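K.L.:
File upload-v3.txt below, compact mmCIF, C-alpha atoms:
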# COMPACT_ATOMS: atom_id res chain seq x y z
CA MET P 1 106.43 33.12 41.08
CA ASN P 2 103.60 35.68 41.20
CA LEU P 3 101.34 34.97 44.18
CA ARG P 4 98.69 37.29 42.79
CA ASN P 5 98.47 35.16 39.67
CA PHE P 6 98.24 32.04 41.82
CA ARG P 7 94.89 33.24 43.13
CA LYS P 8 93.61 33.58 39.57
CA VAL P 9 94.40 30.06 38.40
CA GLY P 10 93.04 26.77 39.61
CA HIS P 11 89.99 26.52 41.90
CA PHE P 12 90.52 27.88 45.40
CA PRO P 13 87.37 26.35 47.02
CA THR P 14 88.58 22.91 45.93
CA LEU P 15 92.08 23.65 47.23
CA LEU P 16 90.56 24.64 50.57
CA CYS P 17 88.43 21.49 50.65
CA ALA P 18 91.48 19.36 49.93
CA PHE P 19 93.24 21.04 52.85
CA LEU P 20 90.27 20.50 55.21
CA TYR P 21 89.89 16.85 54.20
CA PHE P 22 93.59 16.26 54.70
CA ASP P 23 93.51 18.16 58.00
CA VAL P 24 90.66 16.28 59.69
CA SER P 25 91.93 12.98 58.31
CA PHE P 26 95.37 13.52 59.81
CA MET P 27 93.81 14.51 63.11
CA VAL P 28 91.97 11.20 63.20
CA TRP P 29 94.90 9.19 61.84
CA VAL P 30 97.26 10.01 64.72
CA LEU P 31 94.70 9.77 67.53
CA VAL P 32 96.19 6.55 68.87
CA GLY P 33 99.62 8.17 69.06
CA ALA P 34 98.21 11.36 70.57
CA LEU P 35 96.37 9.33 73.22
CA ALA P 36 99.14 6.76 73.66
CA VAL P 37 99.96 7.84 77.22
CA SER P 38 96.32 7.55 78.34
CA ILE P 39 95.77 4.30 76.47
CA SER P 40 98.99 2.76 77.78
CA THR P 41 98.14 3.73 81.37
CA ASN P 42 94.62 2.38 81.00
CA LEU P 43 95.88 -0.91 79.56
CA GLY P 44 98.70 -1.23 82.10
CA LEU P 45 101.62 -1.10 79.64
CA ASP P 46 105.05 -0.64 81.27
CA PRO P 47 107.21 2.21 79.83
CA GLN P 48 110.36 0.05 79.75
CA LYS P 49 109.24 -3.57 79.38
CA ASP P 50 106.49 -2.79 76.87
CA ALA P 51 108.34 -0.14 74.83
CA LEU P 52 108.20 -2.25 71.66
CA TRP P 53 104.47 -2.93 72.01
CA LYS P 54 103.77 0.73 72.58
CA GLY P 55 105.71 1.51 69.42
CA VAL P 56 103.72 -1.09 67.48
CA MET P 57 100.43 0.29 68.82
CA VAL P 58 101.37 3.79 67.68
CA GLY P 59 102.68 2.54 64.33
CA VAL P 60 99.76 0.33 63.26
CA PRO P 61 97.49 3.21 62.11
CA ILE P 62 100.37 4.55 60.02
CA LEU P 63 100.98 1.14 58.45
CA GLY P 64 97.25 0.83 57.71
CA GLY P 65 97.32 4.22 56.00
CA SER P 66 100.37 3.16 54.03
CA LEU P 67 98.63 0.09 52.59
CA LEU P 68 95.29 1.78 51.96
CA ARG P 69 96.90 4.67 50.09
CA LEU P 70 97.56 2.26 47.25
CA VAL P 71 93.85 1.43 47.16
CA LEU P 72 92.75 5.05 47.31
CA GLY P 73 95.35 5.96 44.68
CA VAL P 74 93.75 3.55 42.22
CA MET P 75 90.26 4.77 43.20
CA THR P 76 91.36 8.37 42.62
CA ASP P 77 92.51 7.58 39.10
CA ARG P 78 89.37 5.59 38.26
CA LEU P 79 86.58 7.29 40.25
CA GLY P 80 88.04 10.75 40.67
CA ALA P 81 89.54 12.42 43.73
CA ARG P 82 86.26 13.97 44.90
CA LYS P 83 84.28 10.71 45.01
CA THR P 84 87.22 8.93 46.60
CA GLY P 85 87.44 11.59 49.30
CA ILE P 86 83.73 11.26 50.10
CA ILE P 87 84.05 7.48 50.42
CA GLY P 88 87.16 7.88 52.57
CA MET P 89 85.41 10.16 55.07
CA VAL P 90 82.42 7.83 55.39
CA LEU P 91 84.74 4.90 56.15
CA THR P 92 86.74 6.99 58.63
CA ALA P 93 83.69 7.20 60.89
CA VAL P 94 83.81 3.43 61.51
CA PRO P 95 87.02 3.23 63.62
CA LEU P 96 86.01 6.38 65.50
CA LEU P 97 82.78 4.69 66.55
CA LEU P 98 84.67 1.54 67.52
CA GLY P 99 87.23 3.50 69.55
CA TRP P 100 84.42 5.36 71.30
CA LEU P 101 82.02 2.51 72.06
CA TRP P 102 83.91 -0.79 71.75
CA ALA P 103 87.71 -0.92 72.24
CA THR P 104 88.74 -2.08 75.73
CA SER P 105 91.91 -4.18 75.20
CA TYR P 106 95.28 -3.91 73.48
CA ALA P 107 94.05 -6.13 70.64
CA ASP P 108 90.97 -3.92 70.24
CA VAL P 109 93.16 -0.83 69.98
CA LEU P 110 95.23 -2.52 67.26
CA VAL P 111 92.04 -3.23 65.28
CA VAL P 112 90.89 0.38 65.65
CA GLY P 113 94.35 1.59 64.65
CA ALA P 114 94.43 -0.58 61.53
CA LEU P 115 91.03 0.77 60.45
CA LEU P 116 92.16 4.33 61.13
CA GLY P 117 94.50 3.78 58.20
CA VAL P 118 91.72 4.86 55.85
CA SER P 119 92.06 8.40 57.20
CA GLY P 120 95.80 8.34 56.57
CA ALA P 121 95.09 7.18 53.03
CA SER P 122 93.34 10.53 52.40
CA PHE P 123 96.67 11.72 51.01
CA ALA P 124 96.05 9.76 47.80
CA ALA P 125 92.85 11.69 47.10
CA ALA P 126 93.42 15.13 48.64
CA LEU P 127 96.67 15.94 46.82
CA PRO P 128 95.53 14.92 43.29
CA LEU P 129 92.27 16.83 43.89
CA ALA P 130 94.34 19.99 44.39
CA SER P 131 97.18 19.21 41.97
CA ARG P 132 95.01 18.70 38.87
CA TRP P 133 93.74 22.27 39.05
CA TYR P 134 97.17 23.95 38.90
CA PRO P 135 99.94 24.35 36.26
CA PRO P 136 103.55 23.25 36.90
CA GLN P 137 104.87 26.60 38.12
CA TYR P 138 102.37 26.50 41.00
CA GLN P 139 102.54 22.80 41.85
CA GLY P 140 104.83 23.22 44.84
CA LEU P 141 102.67 25.91 46.45
CA ALA P 142 99.34 24.21 45.68
CA MET P 143 100.52 20.84 46.93
CA GLY P 144 102.09 22.53 49.93
CA ILE P 145 98.82 24.26 50.88
CA ALA P 146 96.81 21.06 50.51
CA GLY P 147 99.52 19.06 52.28
CA ALA P 148 99.58 21.54 55.17
CA GLY P 149 96.53 19.62 56.29
CA ASN P 150 98.96 17.47 58.20
CA SER P 151 98.48 20.25 60.79
CA GLY P 152 95.57 18.09 61.92
CA THR P 153 98.17 16.13 63.84
CA ALA P 154 98.72 19.22 66.00
CA VAL P 155 95.02 19.35 66.85
CA ALA P 156 95.15 15.71 67.95
CA THR P 157 98.39 15.97 69.94
CA PHE P 158 97.30 19.14 71.76
CA PHE P 159 93.64 18.55 72.53
CA GLY P 160 93.72 14.74 72.71
CA PRO P 161 95.71 14.39 75.98
CA ILE P 162 93.87 17.32 77.62
CA LEU P 163 90.42 15.94 76.80
CA ALA P 164 91.38 12.39 77.74
CA ASN P 165 92.61 13.66 81.11
CA SER P 166 89.55 15.79 81.87
CA LEU P 167 86.47 14.10 80.38
CA ALA P 168 84.46 11.21 81.71
CA GLY P 169 85.24 8.20 79.57
CA GLY P 170 88.82 9.32 79.01
CA TRP P 171 90.38 8.44 75.66
CA HIS P 172 87.20 6.67 74.49
CA THR P 173 85.31 9.95 74.60
CA VAL P 174 87.95 11.67 72.47
CA PHE P 175 87.26 9.20 69.65
CA GLY P 176 83.56 10.08 69.83
CA LEU P 177 84.22 13.83 69.79
CA ALA P 178 86.37 13.47 66.66
CA LEU P 179 83.20 12.59 64.73
CA ILE P 180 82.08 16.23 64.95
CA PRO P 181 84.84 17.88 62.86
CA LEU P 182 84.70 14.91 60.50
CA LEU P 183 81.00 15.56 59.85
CA VAL P 184 81.56 19.31 59.32
CA THR P 185 84.36 18.62 56.85
CA PHE P 186 82.27 16.02 55.02
CA ILE P 187 79.44 18.52 54.46
CA THR P 188 81.85 21.25 53.29
CA PHE P 189 83.59 18.84 50.94
CA VAL P 190 80.34 17.62 49.36
CA LEU P 191 79.12 21.19 48.80
CA PHE P 192 82.24 22.92 47.49
CA ALA P 193 84.86 20.48 46.18
CA LYS P 194 84.93 20.04 42.40
CA GLU P 195 86.76 17.64 40.15
CA SER P 196 89.18 19.24 37.69
CA PRO P 197 87.83 19.26 34.10
CA ASN P 198 91.31 18.28 32.99
CA GLN P 199 91.42 15.01 34.88
CA PRO P 200 93.20 12.39 32.74
CA PRO P 201 91.13 9.34 31.76
CA PRO P 202 91.48 6.25 33.97
CA LYS P 203 94.15 3.78 32.95
CA PRO P 204 93.86 0.00 32.80
CA LEU P 205 95.10 -1.64 35.97
CA VAL P 206 98.05 -3.17 34.11
CA ALA P 207 99.38 0.34 33.48
CA TYR P 208 100.04 0.81 37.18
CA GLY P 209 102.61 -1.95 37.09
CA ALA P 210 104.65 0.09 34.62
CA VAL P 211 105.03 2.87 37.19
CA LEU P 212 106.42 0.38 39.71
CA GLY P 213 108.98 -0.70 37.12
CA LEU P 214 110.59 2.77 37.01
CA ALA P 215 113.58 3.43 39.25
CA ASP P 216 112.46 7.00 39.96
CA THR P 217 109.29 5.68 41.59
CA TRP P 218 111.37 3.89 44.18
CA TRP P 219 113.70 6.83 44.72
CA PHE P 220 110.76 9.10 45.45
CA CYS P 221 109.34 6.42 47.73
CA PHE P 222 112.56 6.33 49.73
CA PHE P 223 112.95 10.10 49.95
CA TYR P 224 109.34 10.54 51.06
CA SER P 225 109.57 7.69 53.56
CA VAL P 226 112.24 9.77 55.31
CA THR P 227 110.56 13.20 55.16
CA PHE P 228 106.91 12.28 55.61
CA GLY P 229 107.61 9.05 57.47
CA GLY P 230 109.90 10.95 59.81
CA PHE P 231 107.32 13.68 60.33
CA VAL P 232 104.27 11.50 60.99
CA GLY P 233 106.28 8.87 62.86
CA LEU P 234 107.66 11.47 65.24
CA ALA P 235 104.28 13.19 65.49
CA SER P 236 102.80 9.90 66.68
CA TYR P 237 105.69 8.91 68.93
CA LEU P 238 106.85 12.15 70.56
CA ASN P 239 104.09 12.00 73.19
CA THR P 240 105.58 8.73 74.38
CA PHE P 241 109.15 10.03 74.11
CA PHE P 242 108.55 13.23 76.07
CA LYS P 243 106.52 11.46 78.73
CA ASP P 244 108.93 8.56 79.30
CA GLN P 245 112.14 10.61 78.97
CA TYR P 246 111.22 13.78 80.86
CA TYR P 247 108.13 12.98 82.98
CA PRO P 248 108.52 9.31 83.95
CA SER P 249 106.88 9.67 87.37
CA ASP P 250 103.84 11.75 86.36
CA PRO P 251 101.33 9.53 84.49
CA HIS P 252 98.62 12.20 84.18
CA MET P 253 99.93 15.75 83.77
CA GLY P 254 103.10 14.35 82.22
CA GLY P 255 100.99 13.19 79.30
CA VAL P 256 99.42 16.65 78.95
CA TYR P 257 102.82 18.37 78.99
CA ALA P 258 104.14 15.84 76.50
CA GLY P 259 101.19 16.54 74.22
CA SER P 260 101.84 20.29 74.36
CA PHE P 261 105.51 19.92 73.43
CA THR P 262 104.60 17.49 70.65
CA THR P 263 102.08 19.98 69.30
CA LEU P 264 104.70 22.71 69.03
CA CYS P 265 106.93 20.40 67.00
CA VAL P 266 104.07 19.25 64.78
CA ILE P 267 102.94 22.82 64.08
CA SER P 268 106.44 23.65 62.92
CA GLY P 269 106.41 20.87 60.32
CA SER P 270 102.85 21.54 59.21
CA LEU P 271 103.16 25.28 58.73
CA LEU P 272 106.45 25.01 56.89
CA ARG P 273 105.29 22.42 54.35
CA PRO P 274 103.87 25.09 51.98
CA VAL P 275 107.08 27.08 52.48
CA GLY P 276 109.06 24.04 51.35
CA GLY P 277 106.92 23.74 48.24
CA TYR P 278 107.22 27.45 47.48
CA LEU P 279 111.00 27.46 47.90
CA ALA P 280 111.28 24.30 45.81
CA ASP P 281 109.34 26.08 43.03
CA ARG P 282 111.83 28.91 43.23
CA PHE P 283 115.16 27.18 43.83
CA GLY P 284 114.48 23.62 42.71
CA GLY P 285 113.30 20.60 44.67
CA VAL P 286 116.65 18.82 44.44
CA CYS P 287 118.63 21.69 45.97
CA MET P 288 116.06 22.14 48.72
CA LEU P 289 116.03 18.47 49.64
CA ARG P 290 119.79 18.17 49.90
CA ALA P 291 119.91 21.12 52.28
CA LEU P 292 116.94 19.90 54.30
CA TYR P 293 118.27 16.37 54.73
CA ALA P 294 121.54 17.83 55.99
CA GLY P 295 119.66 19.93 58.53
CA VAL P 296 117.56 16.98 59.69
CA ALA P 297 120.68 14.84 60.16
CA ALA P 298 122.26 17.55 62.31
CA MET P 299 119.16 17.90 64.50
CA MET P 300 118.90 14.14 65.03
CA VAL P 301 122.56 13.92 66.04
CA GLY P 302 121.90 16.58 68.66
CA LEU P 303 118.87 14.67 69.96
CA ALA P 304 120.89 11.47 70.20
CA PHE P 305 122.59 12.96 73.27
CA LEU P 306 119.15 13.31 74.95
CA PRO P 307 119.73 16.94 75.95
CA PRO P 308 117.69 18.85 78.57
CA LEU P 309 114.03 19.33 77.71
CA PRO P 310 114.26 22.94 76.36
CA VAL P 311 117.13 21.98 74.04
CA ALA P 312 115.34 18.82 72.88
CA VAL P 313 112.19 20.80 72.07
CA GLY P 314 114.24 23.34 70.12
CA LEU P 315 116.01 20.66 68.10
CA LEU P 316 112.72 18.91 67.36
CA LEU P 317 111.08 22.20 66.34
CA LEU P 318 113.82 22.72 63.77
CA GLY P 319 113.96 19.08 62.70
CA MET P 320 110.20 18.70 62.27
CA GLY P 321 110.09 22.01 60.40
CA MET P 322 112.71 20.73 57.96
CA LEU P 323 110.85 17.45 57.54
CA GLY P 324 107.68 19.38 56.75
CA MET P 325 109.51 21.50 54.18
CA GLY P 326 110.96 18.29 52.76
CA ASN P 327 107.46 16.91 52.24
CA GLY P 328 106.57 19.96 50.16
CA SER P 329 109.81 19.72 48.21
CA VAL P 330 109.35 16.04 47.32
CA PHE P 331 105.88 16.74 45.98
CA GLN P 332 107.14 19.67 43.99
CA LEU P 333 109.16 17.10 42.01
CA VAL P 334 106.68 14.21 41.79
CA PRO P 335 104.06 15.87 39.49
CA GLN P 336 106.84 16.96 37.13
CA ARG P 337 108.21 13.44 36.81
CA PHE P 338 104.81 11.72 36.61
CA PRO P 339 102.27 14.25 35.25
CA ASN P 340 99.96 11.61 33.77
CA GLU P 341 100.12 9.20 36.69
CA ILE P 342 99.64 11.67 39.53
CA GLY P 343 96.84 9.65 41.16
CA VAL P 344 98.59 6.31 41.32
CA ILE P 345 102.06 7.75 41.98
CA THR P 346 100.66 9.78 44.86
CA GLY P 347 99.24 6.58 46.29
CA ILE P 348 102.51 4.68 45.86
CA VAL P 349 104.81 7.40 47.19
CA GLY P 350 102.35 8.21 49.95
CA ALA P 351 102.26 4.54 50.92
CA ALA P 352 106.03 4.55 51.22
CA GLY P 353 105.80 7.62 53.43
CA GLY P 354 103.30 5.85 55.63
CA ALA P 355 105.56 2.80 55.81
CA GLY P 356 108.37 5.04 57.03
CA GLY P 357 106.01 6.42 59.64
CA PHE P 358 105.27 2.89 60.86
CA PHE P 359 108.90 1.83 61.07
CA LEU P 360 110.06 4.89 63.00
CA PRO P 361 108.05 4.33 66.21
CA THR P 362 108.51 0.57 65.91
CA VAL P 363 112.30 0.87 65.57
CA PHE P 364 112.47 3.52 68.29
CA GLY P 365 110.45 1.28 70.60
CA TYR P 366 112.59 -1.75 69.81
CA LEU P 367 115.88 0.12 70.33
CA LYS P 368 114.57 1.70 73.54
CA GLY P 369 113.71 -1.75 74.89
CA MET P 370 117.05 -3.21 73.77
CA THR P 371 119.41 -0.41 74.82
CA GLY P 372 117.37 1.40 77.45
CA SER P 373 117.86 4.72 75.61
CA TYR P 374 115.99 6.72 72.95
CA GLY P 375 119.32 8.10 71.72
CA THR P 376 120.04 5.10 69.50
CA GLY P 377 116.87 5.69 67.50
CA PHE P 378 117.89 9.27 66.75
CA VAL P 379 121.33 8.06 65.60
CA VAL P 380 119.69 5.69 63.09
CA PHE P 381 117.44 8.49 61.84
CA ALA P 382 120.43 10.81 61.36
CA ALA P 383 122.29 8.16 59.36
CA THR P 384 119.25 7.62 57.12
CA ALA P 385 118.98 11.35 56.39
CA GLY P 386 122.69 11.37 55.53
CA ALA P 387 122.16 8.53 53.04
CA CYS P 388 119.47 10.64 51.34
CA ILE P 389 121.99 13.43 50.71
CA GLY P 390 124.32 11.04 48.90
CA LEU P 391 121.54 9.52 46.79
CA MET P 392 120.14 12.93 45.86
CA THR P 393 123.61 14.05 44.76
CA VAL P 394 123.95 11.01 42.49
CA LEU P 395 120.49 11.48 40.93
CA ARG P 396 120.68 15.23 40.47
CA SER P 397 122.47 15.36 37.09
CA ARG P 398 120.15 12.80 35.44
CA TRP P 399 117.00 14.47 36.68
CA GLU P 400 118.15 17.93 35.61
CA ALA P 401 118.95 16.58 32.16
CA THR P 402 115.52 14.94 31.74
CA PHE P 403 112.24 15.90 33.38
CA LEU P 404 113.62 18.98 35.14
CA ALA P 405 115.00 20.41 31.90
CA GLY P 406 112.58 23.32 31.57
CA MET P 407 109.87 20.99 32.86
CA GLN P 408 109.64 19.63 29.31
CA PRO P 409 108.35 16.02 29.37
CA SER P 410 109.71 13.23 27.26
CA PRO P 411 107.57 11.80 24.41
CA LYS P 412 106.34 9.04 26.72
CA GLN P 413 105.19 11.58 29.31
CA SER P 414 102.84 13.98 27.56
CA LEU P 415 101.27 16.53 29.84
CA PRO P 416 97.77 15.66 30.95
CA ASN P 417 95.91 18.92 30.45
CA PRO P 418 96.05 22.35 28.81
CA HIS P 419 96.97 24.12 32.07
CA LEU P 420 100.03 21.93 32.52
CA ALA P 421 100.97 22.25 28.88
CA ALA P 422 100.73 26.02 29.04
CA GLY P 423 102.91 26.08 32.13
CA ALA P 424 105.51 23.88 30.48
CA VAL P 425 105.61 26.07 27.37
CA ALA P 426 106.02 29.19 29.54
CA ALA P 427 108.81 27.56 31.49
CA GLU P 428 110.56 26.44 28.29
CA ALA P 429 110.34 29.96 26.87
Can you give me the file's structure in the form of structure tokens?

P.N.:
Amino acid sequence: MNLRNFRKVGHFPTLLCAFLYFDVSFMVWVLVGALAVSISTNLGLDPQKDALWKGVMVGVPILGGSLLRLVLGVMTDRLGARKTGIIGMVLTAVPLLLGWLWATSYADVLVVGALLGVSGASFAAALPLASRWYPPQYQGLAMGIAGAGNSGTAVATFFGPILANSLAGGWHTVFGLALIPLLVTFITFVLFAKESPNQPPPKPLVAYGAVLGLADTWWFCFFYSVTFGGFVGLASYLNTFFKDQYYPSDPHMGGVYAGSFTTLCVISGSLLRPVGGYLADRFGGVCMLRALYAGVAAMMVGLAFLPPLPVAVGLLLLGMGMLGMGNGSVFQLVPQRFPNEIGVITGIVGAAGGAGGFFLPTVFGYLKGMTGSYGTGFVVFAATAGACIGLMTVLRSRWEATFLAGMQPSPKQSLPNPHLAAGAVAAEA
């Protein structure tokens, strides 16, 4: 891959706008998780007795994003990614206002969290907005750069606990302050983002059912539910984990320290997502994913022993970094398998990733309440990553004989635009 040539293809202002939209949306999406310690203290939730309910509270925004990604995926195919992104940002302001001015009970927080799902659904618009501008040989890098917007989670996990601990109004005020970067991003997006001239025409709604009937759709859903679901689920839940496991007697500064450690882990996954896409372009997404799942499984096994804090942070830095690289690697493969259905398939696969992100804190919370230890949750995660290695090994030969064979599509999967076609011809040559 020639990085100099990458700058000459596509549309960099749109790629940057896709990144910014994704970034601010992810910041907003995980606010409940980032502020979970402050919210739980304010609502009087017990770390042990209410572990499940804390997990549900953290997971609801992720589940909302999972469901709404399907909606935004269809909107992206029919209205275009740019218009869908604009609508998504307008709707994102609603739960921020409610969290700032209205929410005072556990039920209120669940409502706000469910509505925050629209920010998590940004995935279904931001990635197609970037992807449609770039040929196959640059898909991994382009999608990795746009997808690195999940670094917004680091902004939330670092600044959220500090601001909630220091400002009048606590966690409510943090929701109000989040409106400022959302507004700045909205203005930038409206001014500079452009729809690709090669956007495929919208399909009838019945065509989306055909995608769900393909086995590869479900395989990608499962693989992404582990990489992205693991990343965003841990990003939302690590504040609670660090606070309850290592600072159980310090309800205030413990939350700040927990947020700082969580931020380090989140930054690792966010920054390495483009690296995962780049390496997948170079060495193949299948090879990268098998190696990354093995690494994730090893890190989770280490965490299952609940080691001292410095060791736990180190293992999570490595594990989250591998999950971030895995996200980039999965979406290096998806546009090659589904070049004409990138909008809807992004929504479907992204929804599965969000579902994984909901189940992780919920399962961790349930197992913590049942066994009294976070270690069991890490064991389950390690076993799931191990299952991915076996499945990827089974699928590898078929994929390399079909859509990965020189990136040449089958007759039923014609490439959607001249840029993609040119890239495929170059790869075949």

K.L.:
How far is it from atom CA of P:Phe220 to atom CA of P:Gly375, in Å with one decimal?

P.N.:
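Atom CA of P:Gly375 lies 27.6 Å from atom CA of P:Phe220.
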
K.L.:
Can you list, as a PyMOL selection string, every protein, DNA or RNA residue that comes within 12 Å of P:Leu306 when you count only C-alpha atoms, leaving out same-chain residues fewer than 3 positions away?

P.N.:
chain P and resi 241-242+245-246+299-303+309-313+315-316+373-379

K.L.:
Could you give me, as CSV, every stretch 21-125 of chain P residue with an atom at most 6 Å from stretch 352-367 of chain P, plus its closest atom pair and distance in Å to one decimal, counting all atoms listed in the file, rows ordered by chain then number?

P.N.:
residue,atom,partner,partner_atom,distance
P:Ala51,CA,P:Gly365,CA,4.9
P:Leu52,CA,P:Gly365,CA,4.3
P:Gly55,CA,P:Thr362,CA,4.6
P:Val56,CA,P:Thr362,CA,5.3
P:Gly59,CA,P:Phe358,CA,4.3
P:Ile62,CA,P:Phe358,CA,5.2
P:Leu63,CA,P:Phe358,CA,5.2
P:Ser66,CA,P:Gly354,CA,4.3

K.L.:
Given only C-alpha atoms as the basis, pick out the residue of P:Gln332, P:Ser119, P:Thr153, P:Asn42 nearest to P:Gly259.

P.N.:
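For P:Gly259, the nearest of the candidates is P:Thr153.
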
K.L.:
Can you list every residue of stretch 95-140 of chain P that has an atom at most 12 Å from stretch 195-219 of chain P, with its nearest atom pair and the distance in Å to one decimal, using only C-alpha atoms, ordered by chain then number, as JSON lines?

P.N.:
{"residue": "P:Ala125", "atom": "CA", "partner": "P:Glu195", "partner_atom": "CA", "distance": 11.0}
{"residue": "P:Ala126", "atom": "CA", "partner": "P:Glu195", "partner_atom": "CA", "distance": 11.1}
{"residue": "P:Pro128", "atom": "CA", "partner": "P:Gln199", "partner_atom": "CA", "distance": 9.4}
{"residue": "P:Leu129", "atom": "CA", "partner": "P:Glu195", "partner_atom": "CA", "distance": 6.7}
{"residue": "P:Ala130", "atom": "CA", "partner": "P:Ser196", "partner_atom": "CA", "distance": 8.5}
{"residue": "P:Ser131", "atom": "CA", "partner": "P:Ser196", "partner_atom": "CA", "distance": 9.1}
{"residue": "P:Arg132", "atom": "CA", "partner": "P:Ser196", "partner_atom": "CA", "distance": 6.0}
{"residue": "P:Trp133", "atom": "CA", "partner": "P:Ser196", "partner_atom": "CA", "distance": 5.6}
{"residue": "P:Tyr134", "atom": "CA", "partner": "P:Ser196", "partner_atom": "CA", "distance": 9.4}
{"residue": "P:Pro135", "atom": "CA", "partner": "P:Asn198", "partner_atom": "CA", "distance": 11.0}

K.L.:
My list of candidates is P:Met89, P:Val111, P:Ile342, P:Met288. Which is closest to P:Val184 when distances are computed with all atoms listed in the file?

P.N.:
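Closest to P:Val184, using all atoms listed in the file: P:Met89.
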
K.L.:
For each of P:Val174, P:Ala124, P:Ala18, P:Ala34, take the minimum atom-to-atom distance to P:Thr188, counting only C-alpha atoms, then give the residue where this is smallest.

P.N.:
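Among the listed residues, P:Ala18 lies closest to P:Thr188.
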
K.L.:
Could you name the residues that touch P:Val94 at 8 Å or less, counting all atoms listed in the file, but leaving out those on the same chain fewer than 4 positions away, as a ChimeraX atom specification?

P.N.:
/P:90,98,115

K.L.:
What is the atom CA of P:Ser329 to atom CA of P:Leu289 distance in Å?

P.N.:
6.5 Å

K.L.:
Between P:Tyr138, P:Trp29, P:Phe159, P:Phe189, which is the closest to P:Thr84 once you count only C-alpha atoms?

P.N.:
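Smallest separation from P:Thr84 among the options: P:Phe189.
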
K.L.:
Hey, what's within 9 Å of P:Met253 if we count only C-alpha atoms and toss same-chain stuff fewer than 6 positions away? As a list of chain:residue names, please?

P.N.:
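The contact residues come out as P:Pro161, P:Ile162, P:Asn165, P:Tyr247.
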
K.L.:
At what distance in Å, to one decimal, does atom CA of P:Met322 lie from atom CA of P:Thr262?

P.N.:
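So the answer is 15.4 Å.
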
K.L.:
Closest to P:Leu323 among P:Ala304, P:Val60, P:Val394, P:Leu234, using only C-alpha atoms?

P.N.:
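Looking at the shortest contact to P:Leu323, the residue is P:Leu234.
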
K.L.:
Draw an axis-aligned box over all listed atoms of stretch 317-330 of chain P, pad each side with 4 Å, and write its centre and edge lengths in Å, one decimal, as JSON.

P.N.:
{"center_x": 110.3, "center_y": 19.4, "center_z": 56.8, "size_x": 15.4, "size_y": 14.7, "size_z": 27.0}

K.L.:
Complete stretch 258-270 of chain P at the level of N, CA and C atoms, written as a compact mmCIF listing (two decimals), keeping the file's coordinate frame.

P.N.:
# COMPACT_ATOMS: atom_id res chain seq x y z
N ALA P 258 103.54 16.48 77.67
CA ALA P 258 104.14 15.84 76.50
C ALA P 258 103.35 16.18 75.24
N GLY P 259 102.02 16.19 75.37
CA GLY P 259 101.19 16.54 74.22
C GLY P 259 101.41 17.97 73.77
N SER P 260 101.61 18.89 74.71
CA SER P 260 101.84 20.29 74.36
C SER P 260 103.16 20.47 73.62
N PHE P 261 104.21 19.82 74.11
CA PHE P 261 105.51 19.92 73.43
C PHE P 261 105.44 19.28 72.04
N THR P 262 104.76 18.15 71.95
CA THR P 262 104.60 17.49 70.65
C THR P 262 103.88 18.39 69.67
N THR P 263 102.86 19.08 70.16
CA THR P 263 102.08 19.98 69.30
C THR P 263 102.94 21.08 68.73
N LEU P 264 103.80 21.67 69.54
CA LEU P 264 104.70 22.71 69.03
C LEU P 264 105.55 22.18 67.88
N CYS P 265 106.07 20.98 68.04
CA CYS P 265 106.93 20.40 67.00
C CYS P 265 106.13 20.09 65.74
N VAL P 266 104.91 19.59 65.93
CA VAL P 266 104.07 19.25 64.78
C VAL P 266 103.66 20.50 64.01
N ILE P 267 103.32 21.56 64.74
CA ILE P 267 102.94 22.82 64.08
C ILE P 267 104.08 23.33 63.21
N SER P 268 105.28 23.21 63.70
CA SER P 268 106.44 23.65 62.92
C SER P 268 106.48 22.94 61.57
N GLY P 269 106.36 21.62 61.57
CA GLY P 269 106.41 20.87 60.32
C GLY P 269 105.23 21.15 59.42
N SER P 270 104.05 21.32 60.01
CA SER P 270 102.85 21.54 59.21
C SER P 270 102.86 22.90 58.53
